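Source file: input-v5.txt; contents: compact mmCIF, C-alpha atoms.
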```
# COMPACT_ATOMS: atom_id res chain seq x y z
CA MET A 9 0.00 0.00 0.00
CA THR A 10 1.23 3.48 -0.84
CA ASP A 11 0.22 6.75 0.83
CA GLU A 12 0.09 8.97 -2.22
CA LEU A 13 0.27 8.81 -6.00
CA SER A 14 3.47 10.02 -7.63
CA ASP A 15 3.57 13.05 -9.92
CA ALA A 16 3.86 10.72 -12.91
CA ASP A 17 0.73 8.87 -11.76
CA LEU A 18 -1.19 12.13 -11.35
CA ASP A 19 -0.09 13.16 -14.82
CA LEU A 20 -1.46 9.88 -16.19
CA ILE A 21 -4.92 10.04 -14.64
CA PHE A 22 -5.46 13.83 -14.39
CA ARG A 23 -2.91 16.32 -15.63
CA GLU A 24 -1.78 14.92 -18.97
CA ALA A 25 -4.85 12.83 -19.78
CA ARG A 26 -7.01 14.14 -22.61
CA SER A 27 -10.37 13.31 -24.21
CA PHE A 28 -9.92 11.64 -27.60
CA ASN A 29 -11.99 11.33 -30.75
CA GLY A 30 -9.29 9.69 -32.88
CA TRP A 31 -7.89 6.25 -32.03
CA HIS A 32 -4.96 4.04 -32.87
CA ASP A 33 -5.93 0.75 -34.50
CA LYS A 34 -5.22 -1.31 -31.40
CA GLU A 35 -7.71 -3.59 -29.73
CA VAL A 36 -9.04 -3.24 -26.19
CA SER A 37 -9.26 -6.81 -24.88
CA ASP A 38 -12.21 -8.33 -23.03
CA GLN A 39 -9.81 -8.80 -20.15
CA GLN A 40 -9.10 -5.05 -20.06
CA ILE A 41 -12.83 -4.31 -20.06
CA HIS A 42 -13.34 -6.66 -17.12
CA ALA A 43 -10.36 -5.08 -15.33
CA ILE A 44 -11.92 -1.61 -15.70
CA TYR A 45 -15.17 -2.84 -14.19
CA GLU A 46 -13.37 -4.61 -11.32
CA LEU A 47 -11.91 -1.21 -10.36
CA LEU A 48 -14.92 1.03 -11.02
CA LYS A 49 -17.24 -1.12 -8.94
CA MET A 50 -15.08 -0.43 -5.87
CA GLY A 51 -15.85 3.32 -6.02
CA PRO A 52 -18.42 4.67 -3.58
CA THR A 53 -22.12 5.01 -4.43
CA SER A 54 -24.82 6.13 -2.02
CA ALA A 55 -25.91 3.11 0.06
CA ASN A 56 -23.87 0.96 -2.37
CA GLN A 57 -26.64 1.42 -4.96
CA GLN A 58 -24.38 0.49 -7.88
CA PRO A 59 -27.08 1.84 -10.23
CA GLY A 60 -24.81 1.98 -13.32
CA ARG A 61 -25.65 -0.35 -16.19
CA PHE A 62 -22.90 -0.65 -18.79
CA VAL A 63 -23.08 -1.84 -22.39
CA TRP A 64 -19.58 -2.27 -23.83
CA CYS A 65 -20.02 -2.06 -27.62
CA LYS A 66 -16.97 -3.72 -29.15
CA SER A 67 -18.18 -5.64 -32.22
CA GLU A 68 -18.69 -3.87 -35.54
CA GLU A 69 -22.36 -4.77 -35.33
CA SER A 70 -22.98 -3.27 -31.89
CA LYS A 71 -21.07 -0.09 -32.80
CA LYS A 72 -23.20 0.28 -35.94
CA ARG A 73 -26.37 -0.05 -33.87
CA LEU A 74 -25.06 2.62 -31.49
CA ALA A 75 -23.85 4.92 -34.30
CA ASP A 76 -27.43 5.08 -35.57
CA CYS A 77 -28.42 6.65 -32.23
CA VAL A 78 -25.83 9.46 -32.01
CA SER A 79 -25.50 12.96 -33.42
CA ASP A 80 -23.92 13.29 -36.88
CA ASP A 81 -20.62 14.59 -35.54
CA ASN A 82 -20.34 11.69 -33.08
CA ARG A 83 -21.15 8.94 -35.62
CA ASP A 84 -17.59 8.35 -36.79
CA LYS A 85 -16.29 8.66 -33.24
CA VAL A 86 -18.42 5.67 -32.25
CA LEU A 87 -17.62 3.59 -35.36
CA THR A 88 -13.85 4.07 -35.16
CA ALA A 89 -13.40 3.63 -31.39
CA PRO A 90 -12.12 0.23 -30.24
CA VAL A 91 -14.90 0.16 -27.64
CA CYS A 92 -17.77 2.54 -26.93
CA VAL A 93 -19.53 2.12 -23.58
CA ILE A 94 -23.14 3.12 -22.97
CA ILE A 95 -23.37 4.37 -19.38
CA GLY A 96 -26.92 3.80 -18.25
CA TYR A 97 -28.75 3.46 -14.96
CA ASP A 98 -31.52 1.40 -13.41
CA ILE A 99 -34.39 3.41 -11.94
CA ASP A 100 -35.32 0.27 -9.97
CA PHE A 101 -31.83 -0.13 -8.47
CA HIS A 102 -33.50 -0.33 -5.05
CA GLU A 103 -34.68 -3.87 -5.84
CA HIS A 104 -31.04 -4.95 -5.47
CA LEU A 105 -30.36 -3.18 -2.15
CA PRO A 106 -31.26 -6.21 -0.01
CA TRP A 107 -28.07 -7.93 -1.28
CA LEU A 108 -25.97 -4.82 -2.07
CA PHE A 109 -26.60 -3.08 1.28
CA PRO A 110 -27.63 -6.00 3.48
CA HIS A 111 -27.27 -4.53 6.97
CA THR A 112 -30.41 -2.36 6.81
CA ASP A 113 -33.66 -2.09 4.87
CA ALA A 114 -32.47 0.53 2.38
CA LYS A 115 -34.93 -0.68 -0.26
CA SER A 116 -37.81 0.84 1.71
CA TRP A 117 -36.18 4.31 1.56
CA PHE A 118 -36.79 4.40 -2.18
CA GLU A 119 -40.10 2.59 -2.62
CA GLY A 120 -42.90 4.64 -4.16
CA ASP A 121 -40.59 7.53 -5.13
CA GLU A 122 -39.67 7.01 -8.79
CA GLU A 123 -38.59 10.65 -9.25
CA GLY A 124 -36.23 10.44 -6.27
CA ARG A 125 -34.89 7.10 -7.52
CA LYS A 126 -34.24 8.54 -10.96
CA GLU A 127 -32.26 11.45 -9.48
CA SER A 128 -30.25 9.14 -7.23
CA ALA A 129 -29.65 6.63 -10.04
CA MET A 130 -28.42 9.38 -12.36
CA ARG A 131 -26.12 10.94 -9.74
CA ASN A 132 -24.60 7.66 -8.66
CA SER A 133 -24.26 6.13 -12.14
CA VAL A 134 -22.44 9.30 -13.24
CA LEU A 135 -20.04 8.82 -10.32
CA GLN A 136 -19.50 5.28 -11.60
CA GLY A 137 -18.88 6.61 -15.12
CA ALA A 138 -16.21 8.91 -13.74
CA TYR A 139 -14.62 5.95 -11.94
CA LEU A 140 -14.76 4.08 -15.27
CA MET A 141 -12.76 6.83 -16.98
CA ILE A 142 -10.17 7.09 -14.21
CA ALA A 143 -9.89 3.28 -14.06
CA ALA A 144 -9.36 3.10 -17.84
CA ARG A 145 -6.65 5.76 -17.65
CA SER A 146 -5.08 3.99 -14.68
CA LEU A 147 -4.73 0.90 -16.88
CA GLY A 148 -3.05 2.80 -19.69
CA LEU A 149 -6.11 3.47 -21.84
CA ASP A 150 -7.67 6.72 -23.04
CA CYS A 151 -11.28 7.89 -22.96
CA GLY A 152 -13.59 9.94 -25.15
CA PRO A 153 -16.79 10.82 -23.25
CA MET A 154 -19.80 12.02 -25.28
CA SER A 155 -23.26 13.27 -24.46
CA GLY A 156 -24.40 14.16 -28.01
CA PHE A 157 -26.73 11.24 -28.66
CA ASP A 158 -30.37 10.22 -28.62
CA ALA A 159 -30.75 8.74 -25.14
CA GLU A 160 -34.30 7.54 -25.78
CA ALA A 161 -33.41 5.76 -29.03
CA THR A 162 -30.36 4.19 -27.39
CA THR A 163 -32.44 3.03 -24.44
CA LYS A 164 -34.93 1.40 -26.82
CA GLU A 165 -32.22 -0.20 -28.94
CA PHE A 166 -30.08 -1.61 -26.14
CA PHE A 167 -32.33 -1.95 -23.11
CA ALA A 168 -35.53 -3.24 -24.76
CA ASP A 169 -35.64 -6.23 -22.38
CA GLN A 170 -34.95 -4.08 -19.28
CA PRO A 171 -37.61 -1.34 -19.35
CA GLN A 172 -36.34 0.14 -16.08
CA TYR A 173 -32.88 0.90 -17.56
CA ARG A 174 -32.03 4.28 -19.17
CA ALA A 175 -29.05 5.22 -21.34
CA ASP A 176 -27.42 8.41 -20.04
CA TRP A 177 -24.11 9.09 -21.84
CA LEU A 178 -21.35 7.39 -23.82
CA CYS A 179 -17.62 6.90 -23.48
CA SER A 180 -15.22 5.59 -26.10
CA ILE A 181 -12.18 3.69 -24.86
CA GLY A 182 -8.94 2.84 -26.63
CA TYR A 183 -5.48 4.18 -27.33
CA GLY A 184 -5.90 7.84 -28.26
CA ASP A 185 -4.16 9.26 -31.30
CA LYS A 186 -2.43 12.41 -30.04
CA SER A 187 -2.22 13.83 -33.58
CA THR A 188 -6.03 14.30 -33.54
CA ILE A 189 -6.30 16.58 -30.50
CA PHE A 190 -5.92 20.31 -30.05
CA ASP A 191 -4.59 22.32 -27.12
CA ARG A 192 -6.35 21.80 -23.82
CA SER A 193 -9.20 24.19 -23.02
CA PRO A 194 -8.57 26.67 -20.18
CA ARG A 195 -9.00 25.62 -16.56
CA PRO A 196 -10.33 28.00 -13.89
CA ASP A 197 -8.29 29.32 -10.96
CA PHE A 198 -9.40 28.15 -7.52
CA ASP A 199 -11.10 31.42 -6.59
CA LYS A 200 -13.34 31.41 -9.65
CA PHE A 201 -15.64 28.52 -8.65
CA ASN A 202 -14.62 27.71 -5.07
CA GLN A 203 -15.21 29.13 -1.61
CA LEU A 204 -13.02 28.09 1.31
CA ILE A 205 -14.80 29.18 4.47
CA MET B 13 5.13 9.87 -17.35
CA THR B 14 4.10 6.35 -16.49
CA ASP B 15 1.90 4.01 -18.57
CA GLU B 16 -0.08 2.42 -15.80
CA LEU B 17 -0.74 2.73 -12.09
CA SER B 18 0.82 0.10 -9.84
CA ASP B 19 -1.24 -2.34 -7.81
CA ALA B 20 -0.45 -0.32 -4.67
CA ASP B 21 -1.75 2.84 -6.39
CA LEU B 22 -4.95 1.08 -7.47
CA ASP B 23 -5.42 -0.16 -3.91
CA LEU B 24 -5.09 3.45 -2.68
CA ILE B 25 -7.65 5.04 -5.02
CA PHE B 26 -10.05 2.13 -5.64
CA ARG B 27 -9.60 -1.25 -4.01
CA GLU B 28 -8.70 -0.44 -0.41
CA ALA B 29 -10.28 3.03 -0.19
CA ARG B 30 -13.39 3.28 1.95
CA SER B 31 -16.04 5.87 2.78
CA PHE B 32 -15.58 7.26 6.28
CA ASN B 33 -17.84 8.85 8.89
CA GLY B 34 -15.26 8.96 11.69
CA TRP B 35 -12.09 11.04 11.44
CA HIS B 36 -8.72 11.39 13.08
CA ASP B 37 -8.14 14.80 14.65
CA LYS B 38 -5.73 15.94 11.96
CA GLU B 39 -6.14 19.08 9.92
CA VAL B 40 -6.57 19.25 6.16
CA SER B 41 -4.54 22.27 5.07
CA ASP B 42 -5.70 25.01 2.69
CA GLN B 43 -2.83 23.91 0.48
CA GLN B 44 -4.22 20.36 0.30
CA ILE B 45 -7.65 21.74 -0.62
CA HIS B 46 -6.13 23.79 -3.42
CA ALA B 47 -4.13 20.75 -4.57
CA ILE B 48 -7.33 18.68 -4.81
CA TYR B 49 -8.97 21.35 -6.95
CA GLU B 50 -5.90 21.68 -9.20
CA LEU B 51 -6.30 17.97 -10.01
CA LEU B 52 -10.09 17.75 -10.23
CA LYS B 53 -10.35 20.65 -12.65
CA MET B 54 -8.23 18.69 -15.16
CA GLY B 55 -10.90 15.97 -15.47
CA PRO B 56 -13.17 16.03 -18.51
CA THR B 57 -16.53 17.76 -18.57
CA SER B 58 -18.77 18.10 -21.63
CA ALA B 59 -17.55 21.08 -23.69
CA ASN B 60 -15.33 21.97 -20.71
CA GLN B 61 -18.40 23.23 -18.88
CA GLN B 62 -16.76 23.03 -15.45
CA PRO B 63 -20.22 23.50 -13.88
CA GLY B 64 -19.20 22.38 -10.37
CA ARG B 65 -19.29 25.00 -7.63
CA PHE B 66 -17.50 23.94 -4.45
CA VAL B 67 -17.85 25.29 -0.91
CA TRP B 68 -15.12 23.89 1.33
CA CYS B 69 -16.46 24.22 4.89
CA LYS B 70 -13.48 24.09 7.20
CA SER B 71 -14.14 26.56 10.02
CA GLU B 72 -16.27 25.58 13.01
CA GLU B 73 -18.72 28.29 12.01
CA SER B 74 -19.23 27.11 8.43
CA LYS B 75 -19.58 23.48 9.53
CA LYS B 76 -22.24 24.52 12.06
CA ARG B 77 -24.17 26.33 9.31
CA LEU B 78 -23.98 23.22 7.15
CA ALA B 79 -24.86 20.85 9.99
CA ASP B 80 -28.16 22.70 10.38
CA CYS B 81 -29.03 21.67 6.78
CA VAL B 82 -28.37 17.91 6.99
CA SER B 83 -30.32 14.89 8.20
CA ASP B 84 -30.01 14.01 11.90
CA ASP B 85 -27.71 11.06 11.28
CA ASN B 86 -25.36 13.18 9.16
CA ARG B 87 -25.14 16.10 11.62
CA ASP B 88 -22.21 14.78 13.64
CA LYS B 89 -20.47 13.57 10.49
CA VAL B 90 -20.37 17.17 9.23
CA LEU B 91 -19.35 18.70 12.56
CA THR B 92 -16.50 16.27 13.22
CA ALA B 93 -15.01 16.15 9.71
CA PRO B 94 -11.88 18.26 9.12
CA VAL B 95 -13.50 19.61 5.96
CA CYS B 96 -16.94 19.07 4.43
CA VAL B 97 -17.36 20.14 0.80
CA ILE B 98 -20.68 21.18 -0.70
CA ILE B 99 -20.69 20.01 -4.33
CA GLY B 100 -23.01 22.32 -6.22
CA TYR B 101 -23.55 23.34 -9.81
CA ASP B 102 -24.34 26.46 -11.81
CA ILE B 103 -27.41 26.20 -14.05
CA ASP B 104 -26.02 29.19 -15.96
CA PHE B 105 -22.62 27.56 -16.57
CA HIS B 106 -23.07 28.39 -20.27
CA GLU B 107 -22.33 32.05 -19.53
CA HIS B 108 -18.70 30.98 -18.96
CA LEU B 109 -18.33 28.92 -22.16
CA PRO B 110 -16.94 31.81 -24.24
CA TRP B 111 -13.74 31.62 -22.13
CA LEU B 112 -13.87 27.96 -21.08
CA PHE B 113 -14.51 26.59 -24.59
CA PRO B 114 -13.28 29.44 -26.78
CA HIS B 115 -12.97 27.78 -30.19
CA THR B 116 -16.71 27.64 -30.91
CA ASP B 117 -19.95 29.28 -29.82
CA ALA B 118 -20.97 26.60 -27.30
CA LYS B 119 -22.93 29.12 -25.22
CA SER B 120 -25.63 29.25 -27.93
CA TRP B 121 -26.19 25.47 -27.62
CA PHE B 122 -27.61 25.98 -24.14
CA GLU B 123 -29.42 29.30 -24.35
CA GLY B 124 -33.15 29.17 -23.65
CA ASP B 125 -33.05 25.56 -22.38
CA GLU B 126 -32.88 25.75 -18.60
CA GLU B 127 -34.06 22.16 -18.15
CA GLY B 128 -31.33 20.87 -20.48
CA ARG B 129 -28.74 23.05 -18.73
CA LYS B 130 -29.78 21.71 -15.33
CA GLU B 131 -29.40 18.11 -16.51
CA SER B 132 -26.01 18.83 -18.06
CA ALA B 133 -24.83 20.82 -15.02
CA MET B 134 -25.84 17.98 -12.67
CA ARG B 135 -24.19 15.27 -14.77
CA ASN B 136 -20.95 17.16 -15.24
CA SER B 137 -20.67 18.49 -11.69
CA VAL B 138 -21.13 14.94 -10.40
CA LEU B 139 -18.25 13.86 -12.65
CA GLN B 140 -16.22 16.63 -11.03
CA GLY B 141 -17.25 15.43 -7.57
CA ALA B 142 -15.98 11.96 -8.44
CA TYR B 143 -12.69 13.49 -9.60
CA LEU B 144 -12.57 15.37 -6.28
CA MET B 145 -12.83 12.11 -4.34
CA ILE B 146 -10.22 10.31 -6.46
CA ALA B 147 -7.93 13.36 -6.26
CA ALA B 148 -8.26 13.49 -2.46
CA ARG B 149 -7.46 9.79 -2.19
CA SER B 150 -4.53 10.24 -4.58
CA LEU B 151 -3.11 12.80 -2.16
CA GLY B 152 -3.42 10.50 0.84
CA LEU B 153 -6.76 11.73 2.15
CA ASP B 154 -10.05 9.89 2.73
CA CYS B 155 -13.60 10.83 1.73
CA GLY B 156 -17.07 10.50 3.15
CA PRO B 157 -19.70 11.33 0.52
CA MET B 158 -23.26 12.06 1.72
CA SER B 159 -26.55 12.80 0.04
CA GLY B 160 -28.78 12.90 3.12
CA PHE B 161 -29.26 16.65 3.42
CA ASP B 162 -31.67 19.45 2.59
CA ALA B 163 -30.39 20.66 -0.78
CA GLU B 164 -32.78 23.61 -0.89
CA ALA B 165 -31.87 24.88 2.58
CA THR B 166 -28.15 24.44 1.81
CA THR B 167 -28.53 26.34 -1.45
CA LYS B 168 -30.25 29.20 0.39
CA GLU B 169 -27.69 29.23 3.18
CA PHE B 170 -24.54 29.09 1.07
CA PHE B 171 -25.47 30.37 -2.37
CA ALA B 172 -27.76 33.28 -1.45
CA ASP B 173 -25.70 35.68 -3.55
CA GLN B 174 -25.57 33.31 -6.55
CA PRO B 175 -29.21 32.42 -7.28
CA GLN B 176 -28.19 30.27 -10.27
CA TYR B 177 -26.15 27.88 -8.08
CA ARG B 178 -27.64 24.69 -6.55
CA ALA B 179 -26.22 22.47 -3.81
CA ASP B 180 -26.31 18.81 -4.91
CA TRP B 181 -24.39 16.60 -2.43
CA LEU B 182 -21.71 16.68 0.23
CA CYS B 183 -18.34 15.08 0.82
CA SER B 184 -16.30 15.10 4.01
CA ILE B 185 -12.52 14.98 3.64
CA GLY B 186 -9.85 14.10 6.17
CA TYR B 187 -7.92 11.16 7.58
CA GLY B 188 -10.44 8.39 8.12
CA ASP B 189 -10.50 6.46 11.38
CA LYS B 190 -10.48 2.80 10.36
CA SER B 191 -11.88 1.74 13.73
CA THR B 192 -15.21 3.36 12.78
CA ILE B 193 -15.95 1.38 9.62
CA PHE B 194 -17.51 -2.01 9.00
CA ASP B 195 -16.84 -4.61 6.33
CA ARG B 196 -17.22 -3.46 2.76
CA SER B 197 -20.62 -4.01 1.15
CA PRO B 198 -20.77 -6.63 -1.63
CA ARG B 199 -19.71 -5.75 -5.16
CA PRO B 200 -21.45 -7.24 -8.22
CA ASP B 201 -19.81 -9.64 -10.69
CA PHE B 202 -19.28 -8.30 -14.20
CA ASP B 203 -22.19 -10.22 -15.73
CA LYS B 204 -24.73 -8.81 -13.29
CA PHE B 205 -24.82 -5.21 -14.59
CA ASN B 206 -22.72 -5.32 -17.77
CA GLN B 207 -23.16 -6.45 -21.36
CA LEU B 208 -20.13 -6.94 -23.60
CA ILE B 209 -21.40 -7.12 -27.16
```

Hey, can you dump this file as structure tokens for me?
Amino acid sequence: MTDELSDADLDLIFREARSFNGWHDKEVSDQQIHAIYELLKMGPTSANQQPGRFVWCKSEESKKRLADCVSDDNRDKVLTAPVCVIIGYDIDFHEHLPWLFPHTDAKSWFEGDEEGRKESAMRNSVLQGAYLMIAARSLGLDCGPMSGFDAEATTKEFFADQPQYRADWLCSIGYGDKSTIFDRSPRPDFDKFNQLI
Amino acid sequence: MTDELSDADLDLIFREARSFNGWHDKEVSDQQIHAIYELLKMGPTSANQQPGRFVWCKSEESKKRLADCVSDDNRDKVLTAPVCVIIGYDIDFHEHLPWLFPHTDAKSWFEGDEEGRKESAMRNSVLQGAYLMIAARSLGLDCGPMSGFDAEATTKEFFADQPQYRADWLCSIGYGDKSTIFDRSPRPDFDKFNQLI
């Protein structure tokens, strides 16, 4: 166990990491996909809800189905990425709480409140999507998150047999081609969006 | 630059990290708070929105104000934490896009669509909150995220002068006391909530 990440590690997962649209022609293995999930699932979610539902589109066929659901400028990004993940959530995540959070009756906190469940499922599945990106970077991969897509069409296409699941955003994964990116957009100084009181 | 995090690093930020409610009596410095922000702001947000608005409550007075806005079982957790951060968002984040995303007119994408802005601000500020937690862990600190609080009262109390800001969730930061935590809740196998297609 270490106490802190090194500067090189922080460069890898935060400071030098970039979002990619262009990818080297190098496969992401099923083993790597499993390894990402094994890390992301360890990240905290409220009452261990684990509401994220992930569809890892890796075959040509699944990427074509997904490309038909995205905005025109994201179509090629989906088709050319080694893997594109649909990050969705389960508005009935509470049905799983008896085994995911066994020491109390957390399921009852959410019963009869679909709007509250949806908000909690979105918030906590987005946390899991962030863990997914950091986990992928930690394992030497790059990410390309996207929200320009038809969430309803994607939900229908990929979650037809799970009507309580909703697609929320997308993230391509692979080995990013640095020749396809521009300079990093500006980052705010601490005082701009923070108060320390 | 390294290519991958070591096993010890992955233990620190994912596998061995836990959510804490009990804290050692050890200060988190202003410098550490700034260091966390310097990392979290490098994480990706859609069109570099950077919609997160963070209030780092460190003084006794600010923690008391926050404790009055949380559920009874979270009250002591706020008061005893070295720092408790309010993770909020700005529904008018698009006003900043001309300088945050200068190469195109991204502000116009969001004008006149407050509901869409709110959804995007929530999603992207939650991503930033996840980066905050991973950044804190990377720097040797522990986290205690909480959503049991009165978001409206907190918004009124802390964002009175910024009516477009909304409080969304909370996260304590400090050095977690391992004697106060129980065994980790179960984590799902890959096949439970993933499809690889």

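Proximity to Glu127 (chain B) at 12 Å, evaluated using all atoms listed in the file and with sequence-adjacent residues fewer than 5 positions away removed, yields Ile103, Asp104, Phe122, Ser132, Ala133 and Met134 of chain B.
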
Worksheet item: CA of Leu182 (chain B) to CA of Gln58 (chain A): how many Å, to one decimal?
Response: 18.3 Å

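We find CA of Lys200 (chain A) and CA of Gly152 (chain B) to be spaced 25.4 Å apart.
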
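The space between CA of Ile209 (chain B) and CA of Glu16 (chain B) spans 26.0 Å.
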
Worksheet item: Any idea which chain A residues end up within 7 Å of chain B if we count all atoms listed in the file, as number ranges by chain please?
Response: A: 9-13, 16-17, 19-20, 22-23, 27, 42, 45, 47, 49-52, 56, 61-67, 70, 108-109, 131, 134-135, 138, 146-148, 193-195, 198, 201-205

Mind dumping the selected residues with C-alpha atoms as a short mmCIF file (atom, residue, chain, number, x, y, z; two decimals), keeping the file's coordinate frame?
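Written out: part.cif:
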```cif
data_model
loop_
_atom_site.label_atom_id
_atom_site.label_comp_id
_atom_site.auth_asym_id
_atom_site.auth_seq_id
_atom_site.Cartn_x
_atom_site.Cartn_y
_atom_site.Cartn_z
CA MET A 9 0.00 0.00 0.00
CA THR A 10 1.23 3.48 -0.84
CA ASP A 11 0.22 6.75 0.83
CA GLU A 12 0.09 8.97 -2.22
CA LEU A 13 0.27 8.81 -6.00
CA ALA A 16 3.86 10.72 -12.91
CA ASP A 17 0.73 8.87 -11.76
CA ASP A 19 -0.09 13.16 -14.82
CA LEU A 20 -1.46 9.88 -16.19
CA PHE A 22 -5.46 13.83 -14.39
CA ARG A 23 -2.91 16.32 -15.63
CA SER A 27 -10.37 13.31 -24.21
CA HIS A 42 -13.34 -6.66 -17.12
CA TYR A 45 -15.17 -2.84 -14.19
CA LEU A 47 -11.91 -1.21 -10.36
CA LYS A 49 -17.24 -1.12 -8.94
CA MET A 50 -15.08 -0.43 -5.87
CA GLY A 51 -15.85 3.32 -6.02
CA PRO A 52 -18.42 4.67 -3.58
CA ASN A 56 -23.87 0.96 -2.37
CA ARG A 61 -25.65 -0.35 -16.19
CA PHE A 62 -22.90 -0.65 -18.79
CA VAL A 63 -23.08 -1.84 -22.39
CA TRP A 64 -19.58 -2.27 -23.83
CA CYS A 65 -20.02 -2.06 -27.62
CA LYS A 66 -16.97 -3.72 -29.15
CA SER A 67 -18.18 -5.64 -32.22
CA SER A 70 -22.98 -3.27 -31.89
CA LEU A 108 -25.97 -4.82 -2.07
CA PHE A 109 -26.60 -3.08 1.28
CA ARG A 131 -26.12 10.94 -9.74
CA VAL A 134 -22.44 9.30 -13.24
CA LEU A 135 -20.04 8.82 -10.32
CA ALA A 138 -16.21 8.91 -13.74
CA SER A 146 -5.08 3.99 -14.68
CA LEU A 147 -4.73 0.90 -16.88
CA GLY A 148 -3.05 2.80 -19.69
CA SER A 193 -9.20 24.19 -23.02
CA PRO A 194 -8.57 26.67 -20.18
CA ARG A 195 -9.00 25.62 -16.56
CA PHE A 198 -9.40 28.15 -7.52
CA PHE A 201 -15.64 28.52 -8.65
CA ASN A 202 -14.62 27.71 -5.07
CA GLN A 203 -15.21 29.13 -1.61
CA LEU A 204 -13.02 28.09 1.31
CA ILE A 205 -14.80 29.18 4.47
#
```

As lines of an AutoDock Vina configuration file: centre and edge lengths in Å, one decimal, of the axis-aligned box holding region 26-31 of chain B with 6 Å per side:
```
center_x = -12.4
center_y = 2.3
center_z = -1.4
size_x = 19.3
size_y = 19.1
size_z = 20.4
```

Practice prompt. Name the closest residue to His108 (chain B) among the candidates B:Ala79, B:Ser120, B:Ser41, B:Gly186; distances are taken between atoms, counting only C-alpha atoms.
Written response: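 When distances to His108 (chain B) are compared using only C-alpha atoms, the smallest one comes from B:Ser120.
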
Worksheet item: Can you tell me, as a VMD selection string, what residues are no more than 9 Å from Asn86 (chain B) when counting all atoms listed in the file, ignoring any on the same chain fewer than 3 positions away?
Response: chain B and resid 33 79 82 to 83 89 to 91 158 160 to 161

Worksheet item: Which residues come within 12 Å of Glu123 (chain B), counting all atoms listed in the file, excluding same-chain residues fewer than 4 positions away, as a PyMOL selection string?
Response: chain B and resi 103-107+109+117-119+127-130
